[in-house]
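The next block holds one structure in the form of structure tokens; read it before the comments.
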Amino acid sequence: MKTIIKKYQMPIFLAMTLIISWLPWYAGLGAETMNMGPSIAAFLTVGLIGGFPEIKKLLRRFSRIRANVYIWLFALIGTAVLYITGVLIYWLISRELPPFTMIREELHLIPLYLIFVVLMPWQGPVGEEFGWRGYMLPRLQGKYGPLLASVFIGGFWSFWHLPVFFAELGVIPAMVESVGFIFFLPYTLGTVANSIIMTWLFNRSGRSALIAGIVWHAATNFWAPVLLSDSSLVAARQGIDLPTIPSTLYLIVLAVQILFASALVVTTRGKLGIEKNS
């Protein structure tokens with residue numbers, strides 16, 4: 001039985017991820033349960049394959065903190081630079097800027113928000129990254145190379161988000177309402193681009209799923225509401241927060257991510273930093 005599970009571990013992981021994530025979502029338990037699905041599925045899969053030793057091996061990928069200071073800086077603020085680039089392009093086109101509500105009115109609360117984004121297991125970094133960068137990336141990259149692995153993970157990552165497109169409230173449903181379900185296409189391209197960037201960061205950081213997974217993912221989730229939307233922590237605490245991002249700005253930011261990821265593919269000839277740590 002264990003041999004069969006090991007042979008078909010990737011399809012088993014993918015199926016468990018969707019089941020664990022989607023069924024509670026449709027049962028009305030909310031996004032919190034959905035966001036923990038990939039990590040739960042990863043621990044179950046490696047546990048079935050090799051028990052506690054395989055679980056420890058998965059955890060070790062998140063204990064690697066030794067990396068060049070520039071890699072750490074990129075993981076922490078690289079996504080902010082991409083967002084700011086998108087904001088500047090948006091300003092040149094529309095002569096408008098996001099409201100920057102958190103920066104202007106709630107600067108003292110931002111450190112608490114960062115802690116929430118990083119540590120709460122129902123947020124993306126911890127709830128997802130043991131699956132995406134901890135389990136999937138090392139296995140797929142070793143078999144198919146970094147570029148194909150990134151495209152596959154990004155594509156599945158986007159598909160995994162599909163229930164969010166049918167939610168009643170949120171930034172993504174607002175985009176679907178604004179431009180139609182065709183938005184799933186640029187969203188998927190942006191997710192694949194983000195996956196490519198994270199693979200490059202994974203390889204350049206000594207294959208640290210902590211830096212390339214949790215830190216980058218947390219930075220992405222942190223900087224987006226701070227720099228792009230009208231999010232308000234005070235309004236959220238009062239239960240009336242409905243953050244929005246202008247559709248044009250959202251699409252521009254996705255385009256910036258795609259262009260940057262494409263530049264990484266070209267400049268590394270598709271190796272995405274793997275030659276540095278092979």
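In the structure tokens, chains take the letters A, B, ... in the order shown, each chain's residues start at 1, and ligands count up from 1 in the order shown.
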Could you list, as a list in words, every residue within 8 Å of A:Asn194, counting only C-alpha atoms and ignoring same-chain residues fewer than 4 positions away?
Gly154, Gly190, Met198, Gln257, Ile258 and Ala261 of chain A
Residue neighbourhood A:Ser21, 9 Å, only C-alpha atoms, exclusion window fewer than 4 positions, as a list in words
Met16, Thr17, Trp25, Ala31, Thr33, Met34, Asn35, Met36, Gly37, Pro38 and Trp160 of chain A
Set the distance at 7 Å and use only C-alpha atoms: which residues neighbour stretch 86-99 of chain A once local chain neighbours fewer than 4 positions away are removed? I'd like the list as a list in words.
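Within the cut-off, the hits are Leu82, Leu228, Ser229, Asp230, Leu249, Ile252, Val253 and Val256 of chain A.
Counting only C-alpha atoms and comparing A:Gly155, A:Pro125, A:Pro146, A:Pro225, the residue that lies closest to A:Thr268 is A:Pro146.
Atom to atom, atom CA of A:Glu177 and atom CA of A:Ala224 stand 20.0 Å apart.
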To one decimal place, how far is atom CA of A:Ile115 from atom CA of A:Ser232 in Å?
16.0 Å
Can you list, as a PDB file with N, CA and C atoms, in the first residue's frame, every protein, DNA or RNA residue that comes within 10 Å of A:Phe156 when you count only C-alpha atoms, leaving out same-chain residues fewer than 5 positions away?
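So the final result, stored in part06.pdb, reads:
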ATOM      1  N   LEU A  14      -2.654  16.327  -4.715  1.00  0.00           N
ATOM      2  CA  LEU A  14      -3.523  17.287  -5.393  1.00  0.00           C
ATOM      3  C   LEU A  14      -4.988  17.032  -5.073  1.00  0.00           C
ATOM      4  N   TRP A 132       2.729  24.068  -1.312  1.00  0.00           N
ATOM      5  CA  TRP A 132       3.239  24.564  -2.590  1.00  0.00           C
ATOM      6  C   TRP A 132       4.764  24.494  -2.664  1.00  0.00           C
ATOM      7  N   SER A 150       7.351  25.365 -11.961  1.00  0.00           N
ATOM      8  CA  SER A 150       6.726  26.644 -11.594  1.00  0.00           C
ATOM      9  C   SER A 150       5.397  26.839 -12.306  1.00  0.00           C
ATOM     10  N   VAL A 151       5.356  26.515 -13.602  1.00  0.00           N
ATOM     11  CA  VAL A 151       4.128  26.681 -14.381  1.00  0.00           C
ATOM     12  C   VAL A 151       3.035  25.759 -13.854  1.00  0.00           C
ATOM     13  N   HIS A 161      -7.812  28.371  -6.294  1.00  0.00           N
ATOM     14  CA  HIS A 161      -8.506  29.577  -5.852  1.00  0.00           C
ATOM     15  C   HIS A 161      -9.891  29.736  -6.483  1.00  0.00           C
ATOM     16  N   LEU A 162     -10.286  28.845  -7.342  1.00  0.00           N
ATOM     17  CA  LEU A 162     -11.511  29.021  -8.121  1.00  0.00           C
ATOM     18  C   LEU A 162     -12.739  29.354  -7.277  1.00  0.00           C
ATOM     19  N   THR A 188      -4.591  33.863 -13.634  1.00  0.00           N
ATOM     20  CA  THR A 188      -3.780  32.645 -13.725  1.00  0.00           C
ATOM     21  C   THR A 188      -2.371  32.972 -14.206  1.00  0.00           C
ATOM     22  N   THR A 191      -0.531  34.406 -11.347  1.00  0.00           N
ATOM     23  CA  THR A 191      -0.191  33.393 -10.352  1.00  0.00           C
ATOM     24  C   THR A 191       0.981  32.542 -10.812  1.00  0.00           C
ATOM     25  N   VAL A 192       0.999  32.196 -12.096  1.00  0.00           N
ATOM     26  CA  VAL A 192       2.142  31.463 -12.651  1.00  0.00           C
ATOM     27  C   VAL A 192       3.400  32.324 -12.556  1.00  0.00           C
TER      28      VAL A 192
END
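Relative to atom CA of A:Pro138, atom CA of A:Ile5 is found at 17.8 Å.
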